$ cat coords06.cif   # mmCIF, C-alpha atoms and all ligand atoms
data_data
#
loop_
_atom_site.label_atom_id
_atom_site.label_comp_id
_atom_site.auth_asym_id
_atom_site.auth_seq_id
_atom_site.Cartn_x
_atom_site.Cartn_y
_atom_site.Cartn_z
CA MET Z 15 8.26 19.41 18.41
CA LEU Z 16 6.50 16.82 20.57
CA LEU Z 17 4.66 15.31 17.58
CA LEU Z 18 7.97 14.20 16.12
CA THR Z 19 9.32 12.57 19.26
CA GLU Z 20 9.42 8.81 19.57
CA TYR Z 21 6.68 7.10 21.55
CA ARG Z 22 8.62 4.69 23.74
CA ASN Z 23 5.87 2.23 24.50
CA PRO Z 24 7.24 -1.19 25.51
CA VAL Z 25 4.60 -3.11 23.53
CA ARG Z 26 4.49 -0.99 20.41
CA PRO Z 27 7.11 1.77 20.18
CA LEU Z 28 6.36 4.33 17.48
CA PRO Z 29 8.80 6.62 15.66
CA ASN Z 30 6.55 9.66 16.11
CA ARG Z 31 3.22 10.64 17.65
CA ILE Z 32 1.35 11.33 14.43
CA VAL Z 33 -1.49 8.88 13.72
CA MET Z 34 -3.38 8.70 10.46
CA SER Z 35 -7.04 8.84 11.46
CA PRO Z 36 -9.49 6.32 9.98
CA MET Z 37 -11.16 7.66 6.84
CA THR Z 38 -13.74 6.01 4.61
CA ARG Z 39 -12.84 6.62 0.96
CA LEU Z 40 -15.06 4.09 -0.88
CA ARG Z 41 -12.28 2.69 -3.09
CA SER Z 42 -12.88 -1.04 -2.65
CA LEU Z 43 -14.22 -3.52 -5.21
CA PRO Z 44 -17.93 -4.36 -5.15
CA ASP Z 45 -17.23 -7.46 -2.99
CA GLY Z 46 -15.39 -5.36 -0.38
CA SER Z 47 -11.81 -6.24 -1.39
CA PRO Z 48 -9.36 -3.35 -1.32
CA THR Z 49 -7.63 -2.62 -4.64
CA SER Z 50 -3.97 -1.94 -5.45
CA ASP Z 51 -4.82 1.79 -5.22
CA VAL Z 52 -5.64 1.20 -1.55
CA ALA Z 53 -2.24 -0.42 -1.03
CA ASP Z 54 -0.54 2.54 -2.75
CA TYR Z 55 -2.52 5.08 -0.71
CA TYR Z 56 -1.59 3.62 2.67
CA ALA Z 57 2.00 2.80 1.69
CA GLN Z 58 2.49 6.46 0.68
CA ARG Z 59 1.49 7.45 4.24
CA ALA Z 60 3.64 4.86 6.07
CA ALA Z 61 5.76 7.51 7.79
CA ALA Z 62 2.86 8.04 10.21
CA GLY Z 63 3.61 6.67 13.67
CA LEU Z 64 0.52 4.54 13.16
CA ILE Z 65 -2.06 4.24 10.38
CA VAL Z 66 -5.65 3.35 11.22
CA THR Z 67 -7.51 2.22 8.10
CA GLU Z 68 -10.86 3.42 6.93
CA GLY Z 69 -13.79 1.66 8.59
CA ILE Z 70 -14.10 -1.97 7.42
CA TRP Z 71 -17.21 -4.11 7.88
CA PRO Z 72 -16.62 -7.22 9.97
CA HIS Z 73 -19.60 -8.90 8.30
CA SER Z 74 -21.74 -8.02 5.27
CA THR Z 75 -24.75 -7.39 7.56
CA GLY Z 76 -22.76 -4.48 8.99
CA GLN Z 77 -21.92 -2.83 5.65
CA SER Z 78 -22.88 0.83 5.95
CA GLU Z 79 -22.36 1.92 2.33
CA ALA Z 80 -21.45 0.58 -1.07
CA TRP Z 81 -17.71 0.32 -1.79
CA VAL Z 82 -16.77 0.17 1.89
CA PRO Z 83 -14.28 -2.69 2.33
CA GLY Z 84 -14.81 -5.89 4.33
CA LEU Z 85 -12.78 -8.36 6.39
CA GLN Z 86 -15.04 -11.37 6.23
CA THR Z 87 -13.86 -13.62 3.41
CA GLN Z 88 -10.58 -15.25 2.40
CA ARG Z 89 -10.52 -12.95 -0.61
CA HIS Z 90 -10.68 -9.93 1.68
CA VAL Z 91 -7.83 -11.32 3.78
CA GLU Z 92 -5.63 -11.84 0.71
CA ALA Z 93 -6.40 -8.37 -0.65
CA TRP Z 94 -5.70 -6.71 2.71
CA ARG Z 95 -2.45 -8.67 3.00
CA ARG Z 96 -1.20 -6.82 -0.08
CA VAL Z 97 -2.04 -3.55 1.70
CA THR Z 98 -0.31 -4.42 4.99
CA GLU Z 99 2.76 -5.72 3.15
CA ALA Z 100 3.02 -2.48 1.18
CA VAL Z 101 2.81 -0.42 4.38
CA GLN Z 102 5.29 -2.62 6.22
CA ALA Z 103 7.69 -2.56 3.26
CA ASN Z 104 7.78 1.22 3.75
CA GLY Z 105 8.45 0.81 7.48
CA GLY Z 106 4.90 1.55 8.70
CA ARG Z 107 2.44 0.08 11.19
CA ILE Z 108 -1.27 -0.32 10.45
CA PHE Z 109 -4.41 -1.16 12.45
CA ALA Z 110 -7.71 -2.11 10.78
CA GLN Z 111 -10.77 -0.21 11.94
CA LEU Z 112 -13.72 -2.60 12.37
CA MET Z 113 -16.77 -0.52 11.51
CA HIS Z 114 -20.16 -2.21 11.86
CA GLY Z 115 -22.94 0.05 10.57
CA GLY Z 116 -25.65 -1.28 12.89
CA ARG Z 117 -28.76 0.67 11.88
CA LYS Z 118 -26.78 2.49 9.18
CA GLY Z 119 -26.97 1.03 5.71
CA HIS Z 120 -29.33 0.12 2.90
CA PRO Z 121 -30.07 -3.17 1.11
CA LEU Z 122 -29.08 -1.56 -2.19
CA ALA Z 123 -25.72 -0.59 -0.69
CA ARG Z 124 -24.79 -4.09 0.47
CA VAL Z 125 -23.09 -7.08 -1.05
CA ASP Z 126 -25.71 -9.34 0.60
CA GLY Z 127 -28.76 -7.07 0.15
CA SER Z 128 -29.64 -7.39 3.84
CA TRP Z 129 -31.80 -4.91 5.75
CA PRO Z 130 -29.88 -3.01 8.46
CA ALA Z 131 -30.49 -3.85 12.12
CA GLY Z 132 -29.55 -1.78 15.14
CA PRO Z 133 -30.28 -1.63 18.85
CA SER Z 134 -33.72 -0.12 18.14
CA ALA Z 135 -35.96 0.49 15.14
CA VAL Z 136 -35.10 4.20 14.92
CA LEU Z 137 -34.95 5.88 11.53
CA ASP Z 138 -31.46 6.78 10.36
CA ASP Z 139 -31.79 9.87 8.18
CA ASP Z 140 -28.43 9.39 6.50
CA HIS Z 141 -28.39 9.05 2.69
CA VAL Z 142 -25.78 6.35 2.12
CA HIS Z 143 -23.97 5.60 -1.16
CA LEU Z 144 -25.69 2.84 -3.15
CA ILE Z 145 -24.10 0.30 -5.49
CA ASN Z 146 -25.80 1.98 -8.49
CA GLY Z 147 -23.97 5.22 -7.72
CA GLY Z 148 -27.00 7.00 -6.22
CA LYS Z 149 -27.88 7.85 -2.64
CA GLY Z 150 -30.37 5.81 -0.61
CA GLU Z 151 -33.51 7.15 1.04
CA PRO Z 152 -33.38 6.96 4.86
CA ILE Z 153 -34.80 3.71 6.20
CA THR Z 154 -35.87 2.34 9.55
CA PRO Z 155 -33.69 -0.55 10.69
CA ALA Z 156 -34.88 -3.75 12.31
CA GLU Z 157 -34.32 -4.16 16.04
CA LEU Z 158 -31.60 -6.71 16.80
CA ASP Z 159 -32.81 -9.77 18.68
CA ARG Z 160 -30.66 -11.71 21.12
CA ALA Z 161 -29.41 -14.12 18.46
CA GLY Z 162 -28.50 -11.15 16.25
CA ILE Z 163 -26.51 -9.55 19.07
CA ASP Z 164 -24.64 -12.77 19.81
CA ALA Z 165 -23.88 -13.18 16.12
CA LEU Z 166 -22.41 -9.73 15.69
CA VAL Z 167 -20.16 -10.14 18.72
CA GLU Z 168 -18.83 -13.33 17.16
CA GLN Z 169 -18.49 -11.61 13.76
CA HIS Z 170 -16.18 -9.01 15.31
CA ALA Z 171 -13.98 -11.76 16.73
CA VAL Z 172 -13.78 -13.52 13.37
CA ALA Z 173 -12.98 -10.28 11.56
CA ALA Z 174 -10.26 -9.52 14.11
CA ARG Z 175 -8.74 -12.94 13.48
CA ASN Z 176 -8.92 -12.21 9.76
CA ALA Z 177 -7.18 -8.87 10.34
CA ILE Z 178 -4.24 -10.56 12.01
CA ALA Z 179 -4.14 -13.19 9.24
CA ALA Z 180 -3.99 -10.29 6.76
CA GLY Z 181 -0.92 -8.90 8.53
CA PHE Z 182 -2.45 -5.99 10.45
CA ASP Z 183 -0.71 -4.97 13.67
CA GLY Z 184 -4.09 -4.87 15.41
CA VAL Z 185 -7.67 -3.67 15.13
CA GLU Z 186 -9.51 -0.58 16.25
CA ILE Z 187 -13.14 -1.18 17.20
CA HIS Z 188 -15.22 1.72 15.89
CA GLY Z 189 -17.18 2.86 18.91
CA ALA Z 190 -17.62 6.43 17.64
CA ASN Z 191 -19.47 8.61 15.14
CA SER Z 192 -22.88 6.88 15.08
CA TYR Z 193 -21.85 3.32 14.18
CA LEU Z 194 -23.06 0.15 15.93
CA VAL Z 195 -21.21 0.39 19.25
CA HIS Z 196 -22.06 4.08 19.55
CA GLN Z 197 -25.72 3.30 18.80
CA PHE Z 198 -25.85 1.11 21.93
CA LEU Z 199 -24.29 3.90 24.03
CA ALA Z 200 -26.37 6.87 22.82
CA ASP Z 201 -29.78 7.96 24.12
CA ASN Z 202 -31.65 8.39 20.84
CA THR Z 203 -30.57 5.15 19.15
CA ASN Z 204 -30.89 2.73 22.06
CA LEU Z 205 -34.49 2.55 23.31
CA ARG Z 206 -34.22 -1.06 24.45
CA THR Z 207 -35.84 -2.27 27.64
CA ASP Z 208 -33.89 -5.54 27.90
CA GLU Z 209 -30.41 -6.08 29.38
CA PHE Z 210 -28.83 -4.03 26.53
CA GLY Z 211 -30.74 -0.80 27.17
CA GLY Z 212 -31.72 1.62 29.93
CA SER Z 213 -29.09 1.73 32.68
CA ILE Z 214 -25.45 2.55 32.06
CA GLU Z 215 -24.49 -1.00 32.92
CA ASN Z 216 -26.91 -2.32 30.32
CA ARG Z 217 -25.87 0.09 27.57
CA LEU Z 218 -22.22 -0.89 28.05
CA ARG Z 219 -22.99 -4.59 27.73
CA LEU Z 220 -22.73 -4.91 23.95
CA PRO Z 221 -19.71 -2.58 23.59
CA LEU Z 222 -17.79 -4.49 26.27
CA ALA Z 223 -18.86 -7.85 24.82
CA VAL Z 224 -17.40 -6.81 21.46
CA VAL Z 225 -14.16 -5.61 23.08
CA ASP Z 226 -13.84 -8.79 25.13
CA ALA Z 227 -14.54 -11.05 22.16
CA VAL Z 228 -11.94 -9.28 20.01
CA ALA Z 229 -9.36 -9.15 22.80
CA ALA Z 230 -9.88 -12.86 23.55
CA GLU Z 231 -9.32 -13.63 19.88
CA ILE Z 232 -6.23 -11.54 19.10
CA GLY Z 233 -4.98 -10.24 22.46
CA ALA Z 234 -5.81 -7.02 24.33
CA ASP Z 235 -2.49 -5.51 23.23
CA ARG Z 236 -3.68 -5.68 19.62
CA THR Z 237 -7.15 -4.30 20.38
CA GLY Z 238 -7.88 -0.57 20.31
CA ILE Z 239 -11.19 1.29 20.48
CA ARG Z 240 -12.41 4.65 19.20
CA LEU Z 241 -15.01 6.66 21.11
CA SER Z 242 -16.64 10.06 20.46
CA PRO Z 243 -18.25 10.86 23.82
CA GLY Z 244 -21.03 13.42 23.69
CA ASN Z 245 -20.30 14.50 20.12
CA PRO Z 246 -23.66 15.45 18.56
CA GLN Z 247 -22.33 14.85 15.04
CA PHE Z 248 -24.41 12.52 12.82
CA ASN Z 249 -27.56 13.25 14.87
CA MET Z 250 -26.38 11.34 17.92
CA VAL Z 251 -27.91 12.42 21.24
CA GLU Z 252 -26.03 11.81 24.48
CA LEU Z 253 -27.66 14.00 27.08
CA ASP Z 254 -25.27 13.26 29.94
CA PRO Z 255 -22.13 11.63 28.51
CA ALA Z 256 -19.85 12.00 31.54
CA PRO Z 257 -21.21 9.23 33.81
CA LEU Z 258 -21.54 6.71 30.98
CA TYR Z 259 -18.12 7.31 29.44
CA ARG Z 260 -16.39 7.50 32.82
CA THR Z 261 -17.76 4.05 33.62
CA LEU Z 262 -16.91 2.72 30.16
CA VAL Z 263 -13.34 4.05 30.21
CA THR Z 264 -12.79 2.71 33.72
CA GLU Z 265 -13.98 -0.70 32.52
CA LEU Z 266 -11.82 -0.55 29.40
CA ASP Z 267 -8.80 0.58 31.39
CA ARG Z 268 -8.80 -2.71 33.32
CA ARG Z 269 -8.47 -4.64 30.09
CA GLY Z 270 -5.00 -3.40 29.06
CA LEU Z 271 -5.96 -2.53 25.49
CA ALA Z 272 -3.54 -1.32 22.83
CA TYR Z 273 -5.06 2.16 22.96
CA LEU Z 274 -8.07 4.38 23.41
CA HIS Z 275 -8.74 6.74 20.49
CA LEU Z 276 -10.84 9.62 21.77
CA THR Z 277 -12.43 12.50 19.88
CA ASP Z 278 -12.90 15.74 21.78
CA ASN Z 279 -15.77 18.17 21.26
CA ASP Z 280 -17.27 21.45 22.41
CA ASN Z 281 -20.22 19.97 24.36
CA TYR Z 282 -18.17 17.73 26.63
CA SER Z 283 -14.40 17.91 27.16
CA ALA Z 284 -13.84 14.21 26.76
CA LEU Z 285 -10.04 14.37 26.80
CA ALA Z 286 -9.82 16.38 30.01
CA ASP Z 287 -12.46 14.31 31.78
CA LEU Z 288 -11.39 10.85 30.69
CA ARG Z 289 -7.61 11.07 30.49
CA PRO Z 290 -7.22 10.63 34.28
CA ARG Z 291 -9.26 7.43 34.04
CA TRP Z 292 -7.07 5.82 31.37
CA ARG Z 293 -3.59 4.49 32.12
CA GLY Z 294 -2.80 3.15 28.66
CA THR Z 295 -1.94 4.74 25.34
CA LEU Z 296 -4.32 7.53 24.41
CA ILE Z 297 -4.77 8.86 20.87
CA ALA Z 298 -6.54 12.21 20.75
CA ASN Z 299 -8.51 13.59 17.85
CA VAL Z 300 -9.37 17.26 18.13
CA GLY Z 301 -10.82 17.88 14.64
CA GLU Z 302 -13.99 15.78 14.66
CA ASN Z 303 -16.95 18.09 13.96
CA ARG Z 304 -14.49 20.99 13.87
CA ALA Z 305 -11.96 22.52 11.47
CA PRO Z 306 -9.17 20.13 10.44
CA THR Z 307 -6.61 19.37 13.13
CA THR Z 308 -3.68 21.79 13.11
CA VAL Z 309 -0.14 21.14 14.25
CA GLU Z 310 -0.60 23.79 16.94
CA ALA Z 311 -3.74 22.14 18.33
CA ALA Z 312 -2.03 18.76 18.33
CA GLU Z 313 1.04 20.13 20.10
CA ASP Z 314 -1.19 21.76 22.74
CA VAL Z 315 -2.84 18.44 23.51
CA LEU Z 316 0.50 16.67 23.87
CA ARG Z 317 2.02 19.49 25.92
CA ALA Z 318 -0.96 19.43 28.29
CA GLY Z 319 -0.47 15.68 28.78
CA LEU Z 320 -3.99 14.97 27.50
CA ALA Z 321 -2.79 12.31 25.06
CA ASP Z 322 0.26 10.32 23.94
CA LEU Z 323 -0.52 10.52 20.22
CA VAL Z 324 -2.70 12.72 18.00
CA SER Z 325 -4.60 11.59 14.92
CA PHE Z 326 -4.81 13.70 11.77
CA GLY Z 327 -7.53 13.00 9.25
CA ARG Z 328 -8.14 15.46 6.45
CA SER Z 329 -4.54 16.68 6.31
CA PHE Z 330 -3.40 13.14 5.51
CA ILE Z 331 -5.71 12.92 2.51
CA ALA Z 332 -3.96 15.62 0.49
CA ASN Z 333 -0.53 15.23 2.08
CA PRO Z 334 0.87 11.71 1.86
CA ASP Z 335 4.11 13.13 3.27
CA LEU Z 336 2.40 14.89 6.17
CA VAL Z 337 5.11 13.87 8.64
CA HIS Z 338 7.83 15.31 6.39
CA ARG Z 339 5.85 18.52 5.89
CA ILE Z 340 5.27 18.94 9.63
CA ALA Z 341 8.95 18.27 10.36
CA ASN Z 342 10.06 20.84 7.79
CA GLU Z 343 7.26 23.37 8.36
CA LEU Z 344 6.17 23.07 4.75
CA PRO Z 345 2.74 24.26 3.57
CA LEU Z 346 -0.04 21.69 3.36
CA ALA Z 347 -1.85 20.90 0.11
CA ALA Z 348 -5.65 21.25 -0.07
CA ILE Z 349 -8.10 18.36 -0.44
CA ARG Z 350 -10.05 17.96 -3.66
CA GLU Z 351 -13.40 17.65 -1.87
CA ASN Z 352 -15.34 16.36 -4.89
CA LEU Z 353 -13.04 13.31 -5.05
CA LEU Z 354 -13.25 12.24 -1.41
CA TYR Z 355 -15.45 9.29 -2.40
CA GLY Z 356 -14.42 9.05 -6.04
CA ARG Z 357 -13.72 5.29 -6.45
CA THR Z 358 -10.60 5.80 -8.58
CA ALA Z 359 -7.00 6.83 -7.90
CA ASP Z 360 -7.95 10.46 -8.68
CA GLY Z 361 -7.97 12.49 -5.51
CA TYR Z 362 -6.81 9.40 -3.64
CA SER Z 363 -3.37 7.95 -4.32
CA ASP Z 364 -2.32 10.68 -6.77
CA TYR Z 365 -1.57 13.48 -4.29
CA PRO Z 366 2.13 14.30 -4.77
CA HIS Z 367 4.80 14.46 -2.13
CA TRP Z 368 6.32 17.89 -1.54
CA GLN Z 369 8.19 19.10 -4.62
CA PRO Z 370 10.90 21.67 -3.93
CA ALA Z 371 10.39 24.55 -6.37
CA GLU Z 372 12.81 24.30 -9.25
CA VAL Z 373 15.73 26.63 -8.92
CA PRO Z 374 15.76 28.80 -12.06
CA ALA Z 375 18.93 28.50 -14.17
CA ARG Z 376 21.24 31.52 -13.91
C1 LIG Z 401 -13.59 11.53 4.25
C2 LIG Z 401 -13.64 11.17 5.71
C3 LIG Z 401 -13.97 9.87 6.06
C4 LIG Z 401 -14.00 9.49 7.41
N1 LIG Z 401 -14.25 8.18 7.73
C5 LIG Z 401 -14.12 7.76 9.01
C6 LIG Z 401 -14.17 6.38 9.33
O1 LIG Z 401 -14.30 5.50 8.48
N2 LIG Z 401 -14.03 6.03 10.65
C7 LIG Z 401 -13.84 6.98 11.64
O2 LIG Z 401 -13.72 6.62 12.81
N3 LIG Z 401 -13.76 8.30 11.34
C8 LIG Z 401 -13.86 8.71 10.07
N4 LIG Z 401 -13.68 10.04 9.77
C9 LIG Z 401 -13.30 10.99 10.83
C10 LIG Z 401 -11.77 11.17 10.87
O3 LIG Z 401 -11.13 9.99 11.31
C11 LIG Z 401 -11.34 12.32 11.81
O4 LIG Z 401 -11.73 12.02 13.12
C12 LIG Z 401 -11.92 13.65 11.40
O5 LIG Z 401 -11.68 13.92 10.02
C13 LIG Z 401 -11.32 14.79 12.25
O6 LIG Z 401 -9.93 14.85 12.13
P1 LIG Z 401 -9.22 15.98 11.19
O7 LIG Z 401 -9.68 17.31 11.72
O8 LIG Z 401 -7.75 15.81 11.42
O9 LIG Z 401 -9.67 15.75 9.81
C14 LIG Z 401 -13.70 10.44 8.43
C15 LIG Z 401 -13.38 11.76 8.05
C16 LIG Z 401 -13.34 12.12 6.72
C17 LIG Z 401 -12.96 13.53 6.35
#
$ encode --input "coords06.cif" --output "structure tokens" --more "lines below"
Ligand SMILES: Cc1cc2nc3c(=O)[nH]c(=O)nc-3n(C[C@H](O)[C@H](O)[C@H](O)COP(=O)(O)O)c2cc1C
Amino acid sequence: MLLLTEYRNPVRPLPNRIVMSPMTRLRSLPDGSPTSDVADYYAQRAAAGLIVTEGIWPHSTGQSEAWVPGLQTQRHVEAWRRVTEAVQANGGRIFAQLMHGGRKGHPLARVDGSWPAGPSAVLDDDHVHLINGGKGEPITPAELDRAGIDALVEQHAVAARNAIAAGFDGVEIHGANSYLVHQFLADNTNLRTDEFGGSIENRLRLPLAVVDAVAAEIGADRTGIRLSPGNPQFNMVELDPAPLYRTLVTELDRRGLAYLHLTDNDNYSALADLRPRWRGTLIANVGENRAPTTVEAAEDVLRAGLADLVSFGRSFIANPDLVHRIANELPLAAIRENLLYGRTADGYSDYPHWQPAEVPAR
């Protein structure tokens, strides 16, 4: 099975091609520090070729929901160090996903109570989790000014430095699924008329500035990026994704990044179109906005040469030993959906490894 073969990359060789996809689980403390449950959860999944953490805010003004973790303070760094050490003690590798909410968020969901700001003042109709346990009403974000844009580029660099100090192998910039970077790329969330909006060149300016700032801080070989070209999920509108993402991927390709993590979709075959434009490591995700990724679908992608690695999301939630189950063709356990965002170990770090059925005594 291709998924189980080593990935012989000179910079970062991996024991298999199975990546744990980033998944927000809302298990951090109110200040954004991950708990010991978070360390347990990732350590249990360390057999993945690579783990990408849940989205983490680089700065409190980018916090999208309550209980999402951060990488801004010394306390965050120390708490994350316990997570990376637990993963590494089990032989794993782990990247931190830097997830800035941009327009997504709510003052009652944030440690600093700030009002969200994005490329344009366009209503986000998401109902995010609030600190009081409820869901927020949709709000219209402020439009970022030039100083705000400069600040958030710098905040990504600082968070990346913090990630390395916390022992992560690298960071993944979240450029997908409606978060800040995606908001600058998409048609409905970026209505700017300055040098950050309008033409393709302008819409790529902020995303590339973030990538360059992070790569300058921690090295391109420790900087990955996730993109979801043309995926209409989360009310994103990208009318003609091909020209924009071809230009973006060509630009990124020159930078020698650790990897590109690309989600495919039915509207635009991102993997087929962009793979020829990317010479580095490519992680495919084929489940976003679709049924959970299957082993068969992942194998097809690898066999077709569309990616080097495949990320699995939902299957990793209920199957800490996913790699073992895939290797031994064992059935997969089901997710307890009501506990996805439960804030305790229930439905999080308490999913068991495969238990061979007891052999009845003769
Ligand atoms: C509970 C949950 C939380 C998620 N949170 C994130 C996130 O923080 N960052 C991200 O890039 N994708 C996130 N995703 C998307 C997954 O990384 C993945 O792309 C998606 O689940 C499709 O893969 P799958 O079919 O293998 O589950 C999340 C998905 C789920 C189910």
$ residues_near_ligand --input "coords06.cif" --ligand "ligand LIG 401 (chain Z)" --cutoff "10 Å" --atoms "all atoms listed in the file" --output "PyMOL selection string"
chain Z and resi 33-40+66-70+82+111-113+186-193+239-242+275-278+298-309+312+324-331+349+351+353-355
$ residues_around --input "coords06.cif" --residues "region 356-368 of chain Z" --least-positions-apart "5" --cutoff "12 Å" --atoms "all atoms listed in the file" --output "PyMOL selection string"
chain Z and resi 37-44+48-59+80-83+143+145+147+328-340+342-351
$ write_last_selection --input "coords06.cif" --atoms "C-alpha atoms" --output "PDB file, in the frame of the given file"
ATOM      1  CA  MET Z  37     -11.160   7.660   6.840  1.00  0.00           C
ATOM      2  CA  THR Z  38     -13.740   6.010   4.610  1.00  0.00           C
ATOM      3  CA  ARG Z  39     -12.840   6.620   0.960  1.00  0.00           C
ATOM      4  CA  LEU Z  40     -15.060   4.090  -0.880  1.00  0.00           C
ATOM      5  CA  ARG Z  41     -12.280   2.690  -3.090  1.00  0.00           C
ATOM      6  CA  SER Z  42     -12.880  -1.040  -2.650  1.00  0.00           C
ATOM      7  CA  LEU Z  43     -14.220  -3.520  -5.210  1.00  0.00           C
ATOM      8  CA  PRO Z  44     -17.930  -4.360  -5.150  1.00  0.00           C
ATOM      9  CA  PRO Z  48      -9.360  -3.350  -1.320  1.00  0.00           C
ATOM     10  CA  THR Z  49      -7.630  -2.620  -4.640  1.00  0.00           C
ATOM     11  CA  SER Z  50      -3.970  -1.940  -5.450  1.00  0.00           C
ATOM     12  CA  ASP Z  51      -4.820   1.790  -5.220  1.00  0.00           C
ATOM     13  CA  VAL Z  52      -5.640   1.200  -1.550  1.00  0.00           C
ATOM     14  CA  ALA Z  53      -2.240  -0.420  -1.030  1.00  0.00           C
ATOM     15  CA  ASP Z  54      -0.540   2.540  -2.750  1.00  0.00           C
ATOM     16  CA  TYR Z  55      -2.520   5.080  -0.710  1.00  0.00           C
ATOM     17  CA  TYR Z  56      -1.590   3.620   2.670  1.00  0.00           C
ATOM     18  CA  ALA Z  57       2.000   2.800   1.690  1.00  0.00           C
ATOM     19  CA  GLN Z  58       2.490   6.460   0.680  1.00  0.00           C
ATOM     20  CA  ARG Z  59       1.490   7.450   4.240  1.00  0.00           C
ATOM     21  CA  ALA Z  80     -21.450   0.580  -1.070  1.00  0.00           C
ATOM     22  CA  TRP Z  81     -17.710   0.320  -1.790  1.00  0.00           C
ATOM     23  CA  VAL Z  82     -16.770   0.170   1.890  1.00  0.00           C
ATOM     24  CA  PRO Z  83     -14.280  -2.690   2.330  1.00  0.00           C
ATOM     25  CA  HIS Z 143     -23.970   5.600  -1.160  1.00  0.00           C
ATOM     26  CA  ILE Z 145     -24.100   0.300  -5.490  1.00  0.00           C
ATOM     27  CA  GLY Z 147     -23.970   5.220  -7.720  1.00  0.00           C
ATOM     28  CA  ARG Z 328      -8.140  15.460   6.450  1.00  0.00           C
ATOM     29  CA  SER Z 329      -4.540  16.680   6.310  1.00  0.00           C
ATOM     30  CA  PHE Z 330      -3.400  13.140   5.510  1.00  0.00           C
ATOM     31  CA  ILE Z 331      -5.710  12.920   2.510  1.00  0.00           C
ATOM     32  CA  ALA Z 332      -3.960  15.620   0.490  1.00  0.00           C
ATOM     33  CA  ASN Z 333      -0.530  15.230   2.080  1.00  0.00           C
ATOM     34  CA  PRO Z 334       0.870  11.710   1.860  1.00  0.00           C
ATOM     35  CA  ASP Z 335       4.110  13.130   3.270  1.00  0.00           C
ATOM     36  CA  LEU Z 336       2.400  14.890   6.170  1.00  0.00           C
ATOM     37  CA  VAL Z 337       5.110  13.870   8.640  1.00  0.00           C
ATOM     38  CA  HIS Z 338       7.830  15.310   6.390  1.00  0.00           C
ATOM     39  CA  ARG Z 339       5.850  18.520   5.890  1.00  0.00           C
ATOM     40  CA  ILE Z 340       5.270  18.940   9.630  1.00  0.00           C
ATOM     41  CA  ASN Z 342      10.060  20.840   7.790  1.00  0.00           C
ATOM     42  CA  GLU Z 343       7.260  23.370   8.360  1.00  0.00           C
ATOM     43  CA  LEU Z 344       6.170  23.070   4.750  1.00  0.00           C
ATOM     44  CA  PRO Z 345       2.740  24.260   3.570  1.00  0.00           C
ATOM     45  CA  LEU Z 346      -0.040  21.690   3.360  1.00  0.00           C
ATOM     46  CA  ALA Z 347      -1.850  20.900   0.110  1.00  0.00           C
ATOM     47  CA  ALA Z 348      -5.650  21.250  -0.070  1.00  0.00           C
ATOM     48  CA  ILE Z 349      -8.100  18.360  -0.440  1.00  0.00           C
ATOM     49  CA  ARG Z 350     -10.050  17.960  -3.660  1.00  0.00           C
ATOM     50  CA  GLU Z 351     -13.400  17.650  -1.870  1.00  0.00           C
TER      51      GLU Z 351
END
$ atom_distance --input "coords06.cif" --atom1 "CA of Tyr273 (chain Z)" --atom2 "CA of Asp164 (chain Z)"
24.8 Å
$ residues_around --input "coords06.cif" --residues "His114 (chain Z)" --least-positions-apart "6" --cutoff "8 Å" --atoms "all atoms listed in the file" --output "count of residues only"
11
$ atom_distance --input "coords06.cif" --atom1 "CA of Thr98 (chain Z)" --atom2 "CA of Glu313 (chain Z)"
28.9 Å
$ axis_aligned_box --input "coords06.cif" --around "region 76-83 of chain Z" --padding-each-side "5 Å" --output "AutoDock Vina command-line options"
--center_x -18.6 --center_y -1.3 --center_z 3.6 --size_x 18.6 --size_y 16.4 --size_z 20.8
$ residues_around --input "coords06.cif" --residues "Val136 (chain Z)" --least-positions-apart "4" --cutoff "9 Å" --atoms "only C-alpha atoms" --output "PyMOL selection string"
chain Z and resi 117+132+153-157+202-205
$ atom_distance --input "coords06.cif" --atom1 "CA of Leu266 (chain Z)" --atom2 "CA of Ala171 (chain Z)"
17.1 Å
$ closest_residue --input "coords06.cif" --among "Z:Tyr282, Z:Trp94, Z:Trp292, Z:Phe210" --to "Ala180 (chain Z)" --atoms "all atoms listed in the file"
Z:Trp94
$ residues_around --input "coords06.cif" --residues "Leu262 (chain Z)" --least-positions-apart "4" --cutoff "10 Å" --atoms "all atoms listed in the file" --output "list in words"
Leu199, Ile214, Glu215, Arg217, Leu218, Arg219, Pro221, Leu222, Ala256, Pro257, Leu258, Leu266, Asp267, Leu288 and Arg291 of chain Z
$ residues_around --input "coords06.cif" --residues "Gln102 (chain Z)" --least-positions-apart "2" --cutoff "12 Å" --atoms "all atoms listed in the file" --output "count of residues only"
26
$ closest_residue --input "coords06.cif" --among "Z:Gly46, Z:Gly127, Z:Gly270, Z:Pro246" --to "Ala230 (chain Z)" --atoms "all atoms listed in the file"
Z:Gly270
$ closest_residue --input "coords06.cif" --among "Z:Leu17, Z:Thr207, Z:Glu265, Z:Gly150" --to "Ala311 (chain Z)" --atoms "all atoms listed in the file"
Z:Leu17
$ closest_residue --input "coords06.cif" --among "Z:Leu274, Z:Ala234, Z:Leu16, Z:Ala200" --to "Leu253 (chain Z)" --atoms "only C-alpha atoms"
Z:Ala200
$ closest_residue --input "coords06.cif" --among "Z:Val185, Z:Leu28, Z:Leu220, Z:Ala110" --to "Leu158 (chain Z)" --atoms "all atoms listed in the file"
Z:Leu220
$ closest_residue --input "coords06.cif" --among "Z:Arg31, Z:Asp280, Z:Val263, Z:Asp138" --to "Met15 (chain Z)" --atoms "only C-alpha atoms"
Z:Arg31
